[in-house]
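Student: Would you mind keeping the following structure in view while I ask a few things?
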Amino acid sequence: MRKFAWAGGLIAAPLVLALGAWLTLRAPDLSAETLKAKYGRTSSQYVDLGGGLVVHTLQTGNPAGRPVLLLHGFGDNAFSWDGWADALGGKGQDAKGQDGAYRVIAVDLPGHGLTAAPAGFVASPDSFVDVVERLATKLDLGSVAVAGNSMGGAIAWNWAAQHPQRIGALILVDAAGWPSEQLQKPPLAFRLMQYKLGRDLLASIDNKPLIREGLKKDVVDQSVLTEAFIDRWADLQRFPGHRPILMSARPGSVAASKEALEAIKVPTLILWGEDDQLIAVGAAHKFHAAIPGSKLVIYPKVGHLPQWEIPAKSAADALAFLDAHR
């Protein structure tokens, strides 16, 4: 009897710990008005796509310039592209040598940032591609250049493959797509998302401790992880309805193939942190080998978020590429 009681205690202990964590960290959504007041900017523009989907964008640069869309990764937001937006929006040159050649549009995807999405929206590469295509149509953008980091990179290359007439240039920044290159020990939040109980837990708590733990693995230079940066990640994930959408995603589920990527014929730049602890640098070489004519740049001593960790250098490389492929 003691043996069975002891075993039952071992089984119950993790459940008790999980319950304790939930009771300690559980947190309701924050109001959309509060978050918009705190994080909205003069460059914020809200694009109503109908059906309860209102996409928040940060639009800078020349309104008449070549459109460049910036797509963030899972759990991230449009503000992570600040360094790129400043560089591309203020320093690009058009065919006549005039500054401000680019209209820079950093997008908050559904379930992220300040974008409002209807209940039941399911996060997937196809659903996100549909949203950015509808956004480009609503804004009457014509041909666009698109850059995407991590999950945003997977959306970008899928968009280029599915809508070749839309994409004029493609930039992949530590992009998702090769499951075999996912590292063996992803952040705890991603591991919890494999189970329904874990998803239910994450959908009801303040995930700041898990966000902090995950971000520490995403960069080499820890000094870029300011409290304001971490607070913004955590706060924006508590925008009404975001957490159920985030929990509907399956990080790492999108799979690239040589056949799909060979269909991409537009100029392509691949940027990668050599010390990426989420998607190994081997994935960069696979994208480079599969996409015809692509250019590859590897950054030593940089992690999964080059646009945030080394914004000046990565933005300069992106700007030179865009200027060369107008």
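Naming works like this for the structure tokens: A, B, ... for the chains as they're shown, residue 1 at the start of each chain, ligands 1 onward in shown order.
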Quick one: residues within 6 Å of segment 64-75 of chain A, only C-alpha atoms counted, chain neighbours fewer than 6 positions away excluded, as a list in words?
Tutor: Ala101, Tyr102, Arg103, Val104, Ile105, Ala106, Val107, Val144, Ala145, Val146, Ala147, Gly148, Asn149, Ser150, Met151 and Gly152 of chain A
Student: Give me, as a PyMOL selection string, all polymer residues having an atom no more than 6 Å from segment 231-244 of chain A, counting only C-alpha atoms and skipping those fewer than 3 positions away in the same chain.
Tutor: chain A and resi 29-30+32+111+113+203+208+227-228+247
Student: For the selection just defined, write its residues with N, CA, C and O atoms to a file, as an mmCIF file, in the first residue's frame.
Tutor:
```
data_model
loop_
_atom_site.group_PDB
_atom_site.id
_atom_site.type_symbol
_atom_site.label_atom_id
_atom_site.label_comp_id
_atom_site.auth_asym_id
_atom_site.auth_seq_id
_atom_site.Cartn_x
_atom_site.Cartn_y
_atom_site.Cartn_z
ATOM 1 N N ASP A 29 -6.907 38.857 -20.221
ATOM 2 C CA ASP A 29 -6.497 39.735 -21.309
ATOM 3 C C ASP A 29 -6.422 41.172 -20.796
ATOM 4 O O ASP A 29 -7.130 41.562 -19.860
ATOM 5 N N LEU A 30 -5.552 41.954 -21.426
ATOM 6 C CA LEU A 30 -5.543 43.394 -21.216
ATOM 7 C C LEU A 30 -6.458 44.035 -22.259
ATOM 8 O O LEU A 30 -6.676 43.461 -23.324
ATOM 9 N N ALA A 32 -7.839 46.208 -25.313
ATOM 10 C CA ALA A 32 -7.250 46.695 -26.557
ATOM 11 C C ALA A 32 -6.953 48.189 -26.452
ATOM 12 O O ALA A 32 -5.915 48.664 -26.941
ATOM 13 N N GLY A 111 -3.222 37.418 -33.981
ATOM 14 C CA GLY A 111 -2.714 36.792 -32.767
ATOM 15 C C GLY A 111 -1.487 37.476 -32.214
ATOM 16 O O GLY A 111 -0.924 37.023 -31.220
ATOM 17 N N GLY A 113 0.762 41.435 -31.623
ATOM 18 C CA GLY A 113 0.796 42.885 -31.618
ATOM 19 C C GLY A 113 -0.550 43.513 -31.343
ATOM 20 O O GLY A 113 -1.284 43.117 -30.432
ATOM 21 N N ALA A 203 -2.597 29.529 -22.507
ATOM 22 C CA ALA A 203 -3.642 30.443 -22.981
ATOM 23 C C ALA A 203 -4.273 31.246 -21.852
ATOM 24 O O ALA A 203 -5.079 32.148 -22.123
ATOM 25 N N LYS A 208 5.228 35.940 -19.312
ATOM 26 C CA LYS A 208 6.480 36.696 -19.279
ATOM 27 C C LYS A 208 7.691 35.853 -18.842
ATOM 28 O O LYS A 208 8.758 35.961 -19.454
ATOM 29 N N GLU A 227 14.235 45.382 -20.423
ATOM 30 C CA GLU A 227 12.970 45.099 -19.758
ATOM 31 C C GLU A 227 11.801 45.616 -20.587
ATOM 32 O O GLU A 227 10.735 44.989 -20.649
ATOM 33 N N ALA A 228 11.989 46.764 -21.233
ATOM 34 C CA ALA A 228 10.916 47.319 -22.058
ATOM 35 C C ALA A 228 10.589 46.384 -23.223
ATOM 36 O O ALA A 228 9.422 46.212 -23.588
ATOM 37 N N MET A 247 -2.007 29.623 -29.430
ATOM 38 C CA MET A 247 -2.020 28.208 -29.064
ATOM 39 C C MET A 247 -2.557 27.320 -30.188
ATOM 40 O O MET A 247 -2.392 26.101 -30.143
#
```
Student: Considering only C-alpha atoms, return as a list in words whatever protein or nucleic-acid residues lie within 12 Å of Arg199 of chain A, sequence-local ones (same chain, fewer than 3 positions apart) excluded.
Tutor: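 Once the adjacent positions are removed, what remains is Leu188, Ala189, Phe190, Arg191, Leu192, Met193, Gln194, Tyr195, Lys196, Leu202, Ala203, Ser204, Ile205, Asn207, Arg243, Pro244, Ile245, Leu246, Met247, Ser248, Ala249 and Arg250 of chain A.
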Student: Extract, using only C-alpha atoms, all DNA, RNA and protein residues at most 9 Å from Trp272 of chain A, discarding same-chain residues fewer than 5 positions from it, and format them as JSON, numbers by chain.
Tutor: {"A": [172, 173, 174, 175, 281, 284, 296, 297, 298, 299, 300, 302, 303, 304, 305, 306]}
Student: Could you check how far atom CA of Trp157 of chain A sits from atom CA of Ala87 of chain A, in Å to one decimal?
Tutor: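 Distance reported for this atom pair: 22.9 Å.
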Student: List as a list in words the protein and nucleic acid residues near segment 35-50 of chain A, meaning an atom at most 9 Å away when only C-alpha atoms are counted, but skip any in the same chain fewer than 2 places from it.
Tutor: Leu30, Ser31, Ala32, Glu33, Gly52, Leu53, Val54, Val55, His56, Thr57, Leu58, Gln59, Thr60, Leu114, Thr115, Val131, Arg134, Leu135, Lys138, Leu139, Arg232, Asp235, Leu236 and Phe239 of chain A
Student: Per DSSP on the backbone, filter segment 158-318 of chain A down to the residues in strand (DSSP E or B) and report them as a list in words.
Tutor: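 Result set for segment 158-318 of chain A (strand (DSSP E or B)): Ile167, Gly168, Ala169, Leu170, Ile171, Leu172, Val173, Gln182, Ile205, Thr268, Leu269, Ile270, Leu271, Trp272, Gly273, Ile279, Lys295, Leu296, Val297, Ile298 and Tyr299 of chain A.
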Student: When you look at Pro267 of chain A with a cut-off of 9 Å (counting only C-alpha atoms), what residues show up, excluding the ones that are within fewer than 6 positions of it in the same chain? I need them as a VMD selection string.
Tutor: chain A and resid 168 to 171 292 to 295 321 325
Student: Can you tell me, as a ChimeraX atom specification, what residues are no more than 12 Å from Asp218 of chain A when counting only C-alpha atoms, ignoring any on the same chain fewer than 5 positions away?
Tutor: /A:73,76,150,174,186-187,211-213,224-225,273-280,301-309
Student: By how many Å are atom CA of Pro118 of chain A and atom CA of Pro63 of chain A apart?
Tutor: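 Separating atom CA of Pro118 of chain A from atom CA of Pro63 of chain A is a distance of 29.0 Å.
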Student: Rounded to one decimal in Å, what is the spacing between atom CA of Ala318 of chain A and atom CA of Asp86 of chain A?
Tutor: 12.3 Å
